[in-house]
>>> print(open('target35.csv').read())   # CSV, C-alpha atoms and all ligand atoms
chain,number,residue,atom,x,y,z
A,1,MET,CA,115.3,110.2,108.2
A,2,LYS,CA,113.5,107.0,107.9
A,3,ARG,CA,115.8,104.0,108.0
A,4,ILE,CA,114.6,101.2,105.8
A,5,LEU,CA,116.0,97.6,105.5
A,6,VAL,CA,115.3,95.8,102.2
A,7,ALA,CA,116.2,92.1,102.7
A,8,GLY,CA,116.8,90.6,99.2
A,9,GLY,CA,117.6,94.2,98.0
A,10,ALA,CA,119.7,93.0,95.0
A,11,GLY,CA,117.0,90.8,93.6
A,12,PHE,CA,114.4,91.6,91.0
A,13,LEU,CA,111.7,93.1,93.3
A,14,GLY,CA,114.1,94.2,96.0
A,15,SER,CA,116.2,96.3,93.7
A,16,ASN,CA,113.2,97.9,92.1
A,17,LEU,CA,111.9,98.7,95.5
A,18,CYS,CA,115.3,100.2,96.6
A,19,LYS,CA,115.3,102.3,93.5
A,20,ARG,CA,111.8,103.6,94.4
A,21,LEU,CA,112.7,104.2,98.1
A,22,VAL,CA,116.0,106.1,97.5
A,23,ALA,CA,114.2,108.6,95.3
A,24,ASP,CA,112.8,110.1,98.5
A,25,GLU,CA,115.7,111.9,100.2
A,26,ASP,CA,114.1,111.4,103.6
A,27,ASN,CA,114.7,107.6,103.3
A,28,TYR,CA,118.0,105.9,104.1
A,29,VAL,CA,117.9,102.5,102.5
A,30,ILE,CA,120.0,99.5,103.5
A,31,ALA,CA,119.9,96.6,101.0
A,32,LEU,CA,120.9,93.2,102.4
A,33,ASP,CA,121.5,90.3,100.0
A,34,ASN,CA,123.6,87.2,99.9
A,35,LEU,CA,123.7,87.4,96.1
A,36,LEU,CA,122.5,83.8,95.7
A,37,THR,CA,120.0,84.9,93.0
A,38,GLY,CA,120.3,88.7,93.5
A,39,LYS,CA,122.7,90.6,91.2
A,40,GLU,CA,125.1,93.4,92.0
A,41,ARG,CA,124.3,95.0,88.6
A,42,ASN,CA,120.7,95.5,89.8
A,43,ILE,CA,121.8,97.9,92.5
A,44,GLN,CA,124.9,99.3,90.8
A,45,PRO,CA,123.2,102.6,89.8
A,46,LEU,CA,122.3,103.2,93.5
A,47,MET,CA,125.8,102.5,94.9
A,48,SER,CA,127.0,106.1,94.7
A,49,LEU,CA,123.9,107.6,96.4
A,50,ASP,CA,124.3,109.0,100.0
A,51,ASN,CA,121.1,107.5,101.2
A,52,PHE,CA,121.9,103.9,100.0
A,53,GLU,CA,124.0,101.2,101.4
A,54,PHE,CA,124.5,97.5,100.3
A,55,ILE,CA,125.5,94.8,102.8
A,56,ARG,CA,126.3,91.4,101.6
A,57,GLY,CA,124.8,89.0,104.1
A,58,ASP,CA,122.3,86.3,104.7
A,59,VAL,CA,118.9,86.6,106.5
A,60,MET,CA,119.5,83.3,108.1
A,61,ASP,CA,122.2,84.9,110.2
A,62,PRO,CA,121.1,87.1,113.1
A,63,VAL,CA,121.1,90.8,112.0
A,64,GLU,CA,121.4,94.0,113.9
A,65,PHE,CA,120.5,97.3,112.2
A,66,ASP,CA,118.8,100.5,113.5
A,67,VAL,CA,115.7,100.5,111.4
A,68,ASP,CA,112.2,101.9,111.2
A,69,GLN,CA,110.9,99.7,108.5
A,70,ILE,CA,111.8,96.2,107.2
A,71,TYR,CA,110.8,94.8,103.8
A,72,ASN,CA,111.5,91.0,103.7
A,73,ALA,CA,111.9,90.1,100.0
A,74,ALA,CA,114.7,87.6,100.6
A,75,CYS,CA,114.2,84.2,99.0
A,76,PRO,CA,114.9,82.6,95.6
A,77,ALA,CA,111.6,83.0,93.8
A,78,SER,CA,111.7,81.3,90.4
A,79,PRO,CA,110.8,77.6,90.3
A,80,PRO,CA,114.2,76.4,89.0
A,81,ALA,CA,116.1,78.7,91.4
A,82,TYR,CA,114.1,77.7,94.5
A,83,GLN,CA,114.2,74.0,93.6
A,84,LYS,CA,118.0,74.0,93.2
A,85,ASP,CA,118.6,73.8,96.9
A,86,PRO,CA,115.1,73.3,98.4
A,87,ILE,CA,116.3,72.9,102.0
A,88,ASN,CA,118.0,76.2,101.7
A,89,THR,CA,114.8,77.8,100.3
A,90,THR,CA,112.7,76.7,103.2
A,91,LYS,CA,115.4,77.8,105.7
A,92,THR,CA,115.6,81.2,104.0
A,93,SER,CA,111.9,81.8,104.3
A,94,VAL,CA,111.5,80.5,107.8
A,95,LEU,CA,114.8,81.5,109.6
A,96,GLY,CA,114.9,84.7,107.6
A,97,ALA,CA,111.4,85.7,108.8
A,98,ILE,CA,112.2,84.8,112.4
A,99,ASN,CA,115.5,86.8,112.4
A,100,LEU,CA,113.8,89.9,110.8
A,101,LEU,CA,110.7,89.7,112.9
A,102,GLU,CA,112.9,89.5,116.0
A,103,LEU,CA,114.7,92.6,114.7
A,104,ALA,CA,111.4,94.3,114.2
A,105,LYS,CA,110.4,93.4,117.7
A,106,ARG,CA,113.7,94.8,119.2
A,107,LYS,CA,113.6,98.0,117.2
A,108,ASN,CA,109.9,98.6,117.2
A,109,ALA,CA,110.0,98.6,113.4
A,110,ARG,CA,107.3,97.8,110.9
A,111,TYR,CA,107.8,94.5,109.1
A,112,LEU,CA,106.4,93.7,105.7
A,113,GLN,CA,106.6,90.1,104.5
A,114,PHE,CA,106.8,89.4,100.7
A,115,SER,CA,104.5,86.4,100.5
A,116,THR,CA,103.2,84.9,97.3
A,117,SER,CA,100.3,83.6,95.3
A,118,GLU,CA,102.0,80.2,95.6
A,119,VAL,CA,100.4,80.0,99.1
A,120,TYR,CA,97.2,79.2,97.1
A,121,GLY,CA,98.9,76.3,95.3
A,122,ASP,CA,96.9,74.7,92.5
A,123,ALA,CA,93.9,76.8,93.4
A,124,LYS,CA,90.4,75.4,93.3
A,125,VAL,CA,88.9,78.8,93.7
A,126,HIS,CA,89.2,81.3,90.8
A,127,PRO,CA,90.1,84.1,91.0
A,128,GLN,CA,91.9,83.8,94.4
A,129,PRO,CA,90.7,86.0,97.3
A,130,GLU,CA,92.7,86.4,100.5
A,131,GLU,CA,90.2,84.2,102.4
A,132,TYR,CA,91.0,81.2,100.3
A,133,TRP,CA,93.3,78.8,102.2
A,134,GLY,CA,94.8,77.2,99.2
A,135,ASN,CA,95.5,73.8,97.7
A,136,VAL,CA,99.2,73.2,98.2
A,137,ASN,CA,101.0,69.8,97.9
A,138,PRO,CA,103.0,69.7,101.1
A,139,ILE,CA,105.5,67.2,99.8
A,140,GLY,CA,105.9,68.2,96.2
A,141,LEU,CA,108.8,69.9,94.4
A,142,ARG,CA,107.2,73.4,95.0
A,143,SER,CA,106.6,72.8,98.7
A,144,CYS,CA,109.9,74.2,99.8
A,145,TYR,CA,108.8,77.6,98.5
A,146,ASP,CA,105.1,77.3,99.1
A,147,GLU,CA,105.3,75.9,102.6
A,148,GLY,CA,108.3,78.1,103.5
A,149,LYS,CA,106.2,81.2,102.6
A,150,ARG,CA,103.1,79.8,104.3
A,151,CYS,CA,105.2,79.3,107.5
A,152,ALA,CA,106.6,82.9,107.2
A,153,GLU,CA,103.0,84.2,107.0
A,154,SER,CA,102.2,82.1,110.1
A,155,LEU,CA,105.2,83.5,111.9
A,156,CYS,CA,104.2,87.1,111.0
A,157,PHE,CA,100.7,86.6,112.5
A,158,ASP,CA,102.1,85.0,115.7
A,159,TYR,CA,104.6,87.8,116.2
A,160,TRP,CA,101.7,90.2,115.8
A,161,ARG,CA,99.3,88.4,118.1
A,162,GLN,CA,101.9,87.2,120.7
A,163,CYS,CA,104.5,90.1,120.7
A,164,GLY,CA,102.6,93.0,119.2
A,165,VAL,CA,105.0,93.3,116.2
A,166,ASP,CA,103.7,95.8,113.6
A,167,ILE,CA,103.3,93.5,110.6
A,168,LYS,CA,102.0,93.6,107.0
A,169,VAL,CA,101.7,90.6,104.7
A,170,ILE,CA,101.4,90.9,100.9
A,171,ARG,CA,100.8,88.0,98.4
A,172,ILE,CA,102.5,88.8,95.2
A,173,PHE,CA,101.3,87.3,91.9
A,174,ASN,CA,103.5,86.9,88.8
A,175,THR,CA,105.4,90.0,88.2
A,176,TYR,CA,107.8,91.0,85.4
A,177,GLY,CA,110.0,93.8,84.2
A,178,PRO,CA,113.6,95.2,84.3
A,179,ASN,CA,116.1,93.5,86.7
A,180,MET,CA,114.6,90.1,86.4
A,181,ASP,CA,117.6,87.9,85.7
A,182,PRO,CA,117.6,86.7,82.1
A,183,ASN,CA,118.5,83.2,83.4
A,184,ASP,CA,115.8,83.3,86.0
A,185,GLY,CA,113.8,80.6,84.3
A,186,ARG,CA,110.5,82.3,84.5
A,187,VAL,CA,108.2,82.4,81.6
A,188,ILE,CA,108.4,86.1,80.5
A,189,SER,CA,112.2,86.2,80.8
A,190,ASN,CA,112.6,82.9,79.0
A,191,PHE,CA,110.2,83.8,76.2
A,192,ILE,CA,111.8,87.2,75.6
A,193,ILE,CA,115.4,85.9,75.7
A,194,GLN,CA,114.5,83.0,73.4
A,195,ALA,CA,112.7,85.4,71.0
A,196,LEU,CA,115.6,87.9,70.9
A,197,LYS,CA,118.1,85.1,70.3
A,198,GLY,CA,115.9,83.5,67.6
A,199,GLU,CA,115.7,80.3,69.6
A,200,ASP,CA,112.7,78.1,70.1
A,201,ILE,CA,110.1,79.3,72.6
A,202,THR,CA,109.7,76.7,75.2
A,203,VAL,CA,106.0,76.2,76.0
A,204,TYR,CA,105.5,73.9,79.0
A,205,GLY,CA,102.6,71.5,78.7
A,206,THR,CA,99.8,72.6,76.3
A,207,GLY,CA,100.4,76.2,77.0
A,208,MET,CA,96.8,76.6,78.0
A,209,GLN,CA,97.6,77.2,81.7
A,210,THR,CA,97.0,80.8,82.7
A,211,ARG,CA,98.8,83.4,84.8
A,212,SER,CA,98.2,87.1,85.5
A,213,PHE,CA,101.2,89.3,84.9
A,214,CYS,CA,101.9,92.5,86.8
A,215,TYR,CA,104.4,95.1,85.6
A,216,VAL,CA,107.0,95.7,88.3
A,217,ASP,CA,106.3,99.5,88.7
A,218,ASP,CA,102.7,98.8,89.5
A,219,LEU,CA,103.6,96.2,92.0
A,220,ILE,CA,106.2,98.4,93.8
A,221,GLU,CA,103.6,101.2,94.1
A,222,GLY,CA,101.2,98.7,95.8
A,223,ILE,CA,104.0,97.5,98.1
A,224,VAL,CA,104.9,101.0,99.3
A,225,ARG,CA,101.2,101.8,99.9
A,226,VAL,CA,100.9,98.7,102.1
A,227,MET,CA,103.9,99.6,104.1
A,228,ASN,CA,102.8,103.1,104.7
A,229,ASN,CA,99.1,102.3,105.3
A,230,THR,CA,98.2,103.5,108.8
A,231,GLU,CA,94.8,101.9,109.2
A,232,LYS,CA,94.8,100.3,112.6
A,233,GLY,CA,94.4,96.5,112.4
A,234,PHE,CA,95.0,96.3,108.6
A,235,VAL,CA,97.8,93.8,108.4
A,236,GLY,CA,96.8,91.8,105.4
A,237,PRO,CA,97.3,89.4,103.8
A,238,VAL,CA,96.6,91.4,100.8
A,239,ASN,CA,96.9,90.3,97.2
A,240,LEU,CA,98.9,92.4,94.8
A,241,GLY,CA,98.9,91.6,91.1
A,242,ASN,CA,97.3,92.3,87.8
A,243,PRO,CA,94.0,90.5,87.3
A,244,GLY,CA,94.4,90.4,83.5
A,245,GLU,CA,94.6,86.7,82.7
A,246,PHE,CA,96.5,85.1,79.8
A,247,ASN,CA,97.5,81.6,78.8
A,248,MET,CA,101.1,80.9,77.8
A,249,LEU,CA,100.3,80.6,74.1
A,250,GLU,CA,98.8,84.1,74.1
A,251,LEU,CA,101.9,85.3,75.9
A,252,ALA,CA,104.2,83.6,73.4
A,253,GLU,CA,102.3,85.2,70.5
A,254,LYS,CA,102.7,88.7,72.0
A,255,VAL,CA,106.4,88.2,72.7
A,256,ILE,CA,107.0,87.0,69.1
A,257,ALA,CA,105.0,89.9,67.7
A,258,PHE,CA,106.7,92.6,69.8
A,259,THR,CA,110.3,91.3,69.2
A,260,GLY,CA,109.7,90.7,65.5
A,261,SER,CA,111.3,87.3,66.0
A,262,ASN,CA,111.2,84.2,63.8
A,263,SER,CA,111.2,81.9,66.8
A,264,LYS,CA,109.0,78.8,66.7
A,265,LEU,CA,107.1,77.2,69.6
A,266,ARG,CA,108.6,74.0,71.1
A,267,TYR,CA,106.4,72.1,73.5
A,268,CYS,CA,108.1,70.7,76.6
A,269,LYS,CA,107.1,68.6,79.6
A,270,LEU,CA,104.9,70.5,82.1
A,271,PRO,CA,106.8,70.8,85.4
A,272,SER,CA,105.2,69.0,88.4
A,273,ASP,CA,102.6,70.8,90.5
A,274,ASP,CA,102.4,73.6,87.9
A,275,PRO,CA,99.2,75.4,88.7
A,276,VAL,CA,96.5,75.4,86.0
A,277,GLN,CA,95.1,78.8,86.5
A,278,ARG,CA,96.1,81.9,88.5
A,279,LYS,CA,94.5,85.3,88.8
A,280,PRO,CA,94.3,87.6,91.8
A,281,ASP,CA,91.1,89.0,93.3
A,282,ILE,CA,92.4,92.5,94.2
A,283,SER,CA,89.2,93.9,95.7
A,284,LEU,CA,90.9,94.3,99.1
A,285,ALA,CA,93.8,96.2,97.7
A,286,LYS,CA,91.5,98.4,95.7
A,287,GLU,CA,89.4,99.2,98.8
A,288,LYS,CA,92.2,99.6,101.4
A,289,LEU,CA,95.0,101.1,99.3
A,290,GLU,CA,93.1,102.7,96.4
A,291,TRP,CA,95.5,100.7,94.2
A,292,GLU,CA,95.2,98.8,91.0
A,293,PRO,CA,97.7,98.2,88.2
A,294,VAL,CA,97.7,100.7,85.3
A,295,VAL,CA,100.4,99.2,82.9
A,296,ARG,CA,98.8,97.0,80.2
A,297,LEU,CA,100.7,93.7,79.5
A,298,ASP,CA,101.5,94.9,75.9
A,299,ASP,CA,103.2,98.1,77.2
A,300,GLY,CA,105.0,96.3,80.0
A,301,LEU,CA,106.3,93.6,77.6
A,302,VAL,CA,107.6,96.3,75.2
A,303,LYS,CA,109.6,98.0,78.1
A,304,THR,CA,110.9,94.6,79.3
A,305,ILE,CA,112.0,93.6,75.8
A,306,GLU,CA,114.0,96.9,75.7
A,307,TYR,CA,115.6,96.1,79.0
A,308,TYR,CA,116.7,92.6,77.8
A,309,ARG,CA,117.9,93.9,74.5
A,310,GLY,CA,120.2,96.3,76.5
A,311,ILE,CA,121.7,93.6,78.7
A,312,ILE,CA,122.1,90.7,76.2
A,313,GLY,CA,123.4,93.1,73.4
B,401,LIG,N1,106.5,78.3,81.4
B,401,LIG,C1,106.6,77.9,80.1
B,401,LIG,N2,107.8,78.1,79.5
B,401,LIG,C2,108.9,78.5,80.2
B,401,LIG,C3,108.8,78.8,81.5
B,401,LIG,C4,107.5,78.7,82.1
B,401,LIG,O1,105.6,77.6,79.4
B,401,LIG,O2,110.0,78.6,79.5
B,401,LIG,C5,105.1,78.2,82.1
B,401,LIG,C6,105.1,77.4,83.4
B,401,LIG,O3,104.9,76.0,83.2
B,401,LIG,C7,103.9,78.0,84.1
B,401,LIG,C8,103.9,79.5,83.6
B,401,LIG,O4,104.7,79.5,82.4
B,401,LIG,O5,102.7,77.4,83.8
B,401,LIG,C9,104.5,80.5,84.6
B,401,LIG,O6,105.8,80.0,85.0
B,401,LIG,P1,106.8,80.8,85.9
B,401,LIG,O7,108.0,79.9,86.1
B,401,LIG,O8,107.0,82.1,85.2
B,401,LIG,O9,106.0,81.1,87.3
B,401,LIG,P2,105.1,80.3,88.2
B,401,LIG,O10,103.8,81.1,88.1
B,401,LIG,O11,104.9,78.9,87.7
B,401,LIG,O12,105.7,80.3,89.5
>>> encode(input="target35.csv", output="C-alpha cells", more="lines below")
Ligand code: UDP
Amino acid sequence: MKRILVAGGAGFLGSNLCKRLVADEDNYVIALDNLLTGKERNIQPLMSLDNFEFIRGDVMDPVEFDVDQIYNAACPASPPAYQKDPINTTKTSVLGAINLLELAKRKNARYLQFSTSEVYGDAKVHPQPEEYWGNVNPIGLRSCYDEGKRCAESLCFDYWRQCGVDIKVIRIFNTYGPNMDPNDGRVISNFIIQALKGEDITVYGTGMQTRSFCYVDDLIEGIVRVMNNTEKGFVGPVNLGNPGEFNMLELAEKVIAFTGSNSKLRYCKLPSDDPVQRKPDISLAKEKLEWEPVVRLDDGLVKTIEYYRGIIG
C-alpha cells in the first residue's frame, strides 16, 4: 500500500484531494489539519473508510509518519483568512515546509508543495509562465502569504539540491468548487452565497480586474499527475489552472443568471495589492502531464451553486 500524507487535508483542496486518493484502495491516506480554516465536515464522508485517517495537528510542530508521498496543502489561502493572523500564515508556510521536507528526507518520500499564482504578485507579464519571477510587494498585506509561499518554494529547491529530496512544486491559480468554505471570503463563494441569500453582490473596485477560475476536479487531476510523474529532473514549478479569463462583472452576471437571483451589485473598496490581471500559461503542464482543464466555468458554477444550496439550506 502507498502511504500518503495530505497536510491541510480538511481544507478545500486537501479534502478534495483526499477524496480522490482514497478511491484507490492501494492508497492509505492520512489527513493532517489543525482545523484553523479546514472543516471537519469536508472529510466527514471519508471518516468511516479503512484507508483514511484524520489527525488533528499543526505542520509547525515536528511530525513523524511512515509515508511514501507528502502533499503539503497546509496554509490559510483566502486573503481575509491569511491576513487575519499574518505572522501565523508565514510561519505555517515556512516552518510547515521545513518540517515536512525534513520528514520527506528521513523517509525518502516524495514531497509536493502547493504553491500559488500569488508568487507572481501583481504580474507585469500576461499570461504568467513559470519563468516569470513575479512582482510581489514584500511588505504589503498580502506578503505574509506571497512571501511565505515563495520561501517554501525556495526551501523545496534547496532540499532538492542540497539533500536530494524528491520534490515537486505546483503553482495553483484560482480554484473553486465544493468544500470551499461559504465564509471563505473568496469571490466565487461570496458571490454565490450573496446571490442565494438575495443580498447585494460585493464587487471590489471597478470589477474589471480579471482572474482565471479552475474547477476543483480539474485541478486535483493535475495535482495527482504531477505527484506521480516519473520524468527524471521534472520538479516544476508547474502552473495549474484554467486559462479562461473573466472579469468580476462577468462573473457576477453569470452567478446572478445561474442562481436566478434578484441581487444587485454593490461596489466596494478594492483591497490593497489586489492583482489587476491573472491568467496561467499552462504550456508546461500540457507538455509534461498531458493535462488541461475540461470543465467550463458555466458548468463548474452550476455544480458549485448546487453544493452551496445544499449546505446553506
Ligand atoms: N472580489 C470581489 N468581491 C468579493 C471578493 C473578491 O470583487 O466579494 C475580487 C477581489 O478583489 C479580486 C478577485 O475578486 O480581484 C478575486 O479575489 P479572491 O479573494 O477570490 O482571490 P485572489 O485571486 O485575490 O487571491
>>> residues_near_ligand(input="target35.csv", ligand="ligand LIG 401 (chain B)", cutoff="8 Å", atoms="all atoms listed in the file", output="PyMOL selection string")
chain A and resi 77-80+118+173-174+185-191+201-205+207+209-211+248+268+270-271+274-276+278
>>> residues_around(input="target35.csv", residues="range 131-141 of chain A", least_positions_apart="3", cutoff="9 Å", atoms="only C-alpha atoms", output="list in words")
Pro79, Gln83, Pro86, Glu118, Val119, Tyr120, Gly121, Asp122, Ala123, Lys124, Val125, Gln128, Cys144, Tyr145, Asp146, Glu147, Pro237, Ser272 and Asp273 of chain A
>>> residues_around(input="target35.csv", residues="Phe54 in chain A", least_positions_apart="5", cutoff="12 Å", atoms="all atoms listed in the file", output="ChimeraX atom specification")
/A:4-10,14-15,18,28-35,38-49
>>> closest_residue(input="target35.csv", among="A:Ser154, A:Ser263, A:Ser283, A:Thr92", to="Asn72 in chain A", atoms="only C-alpha atoms")
A:Thr92
>>> closest_residue(input="target35.csv", among="A:Met180, A:Leu155, A:Leu289, A:Leu196", to="Gly222 in chain A", atoms="all atoms listed in the file")
A:Leu289
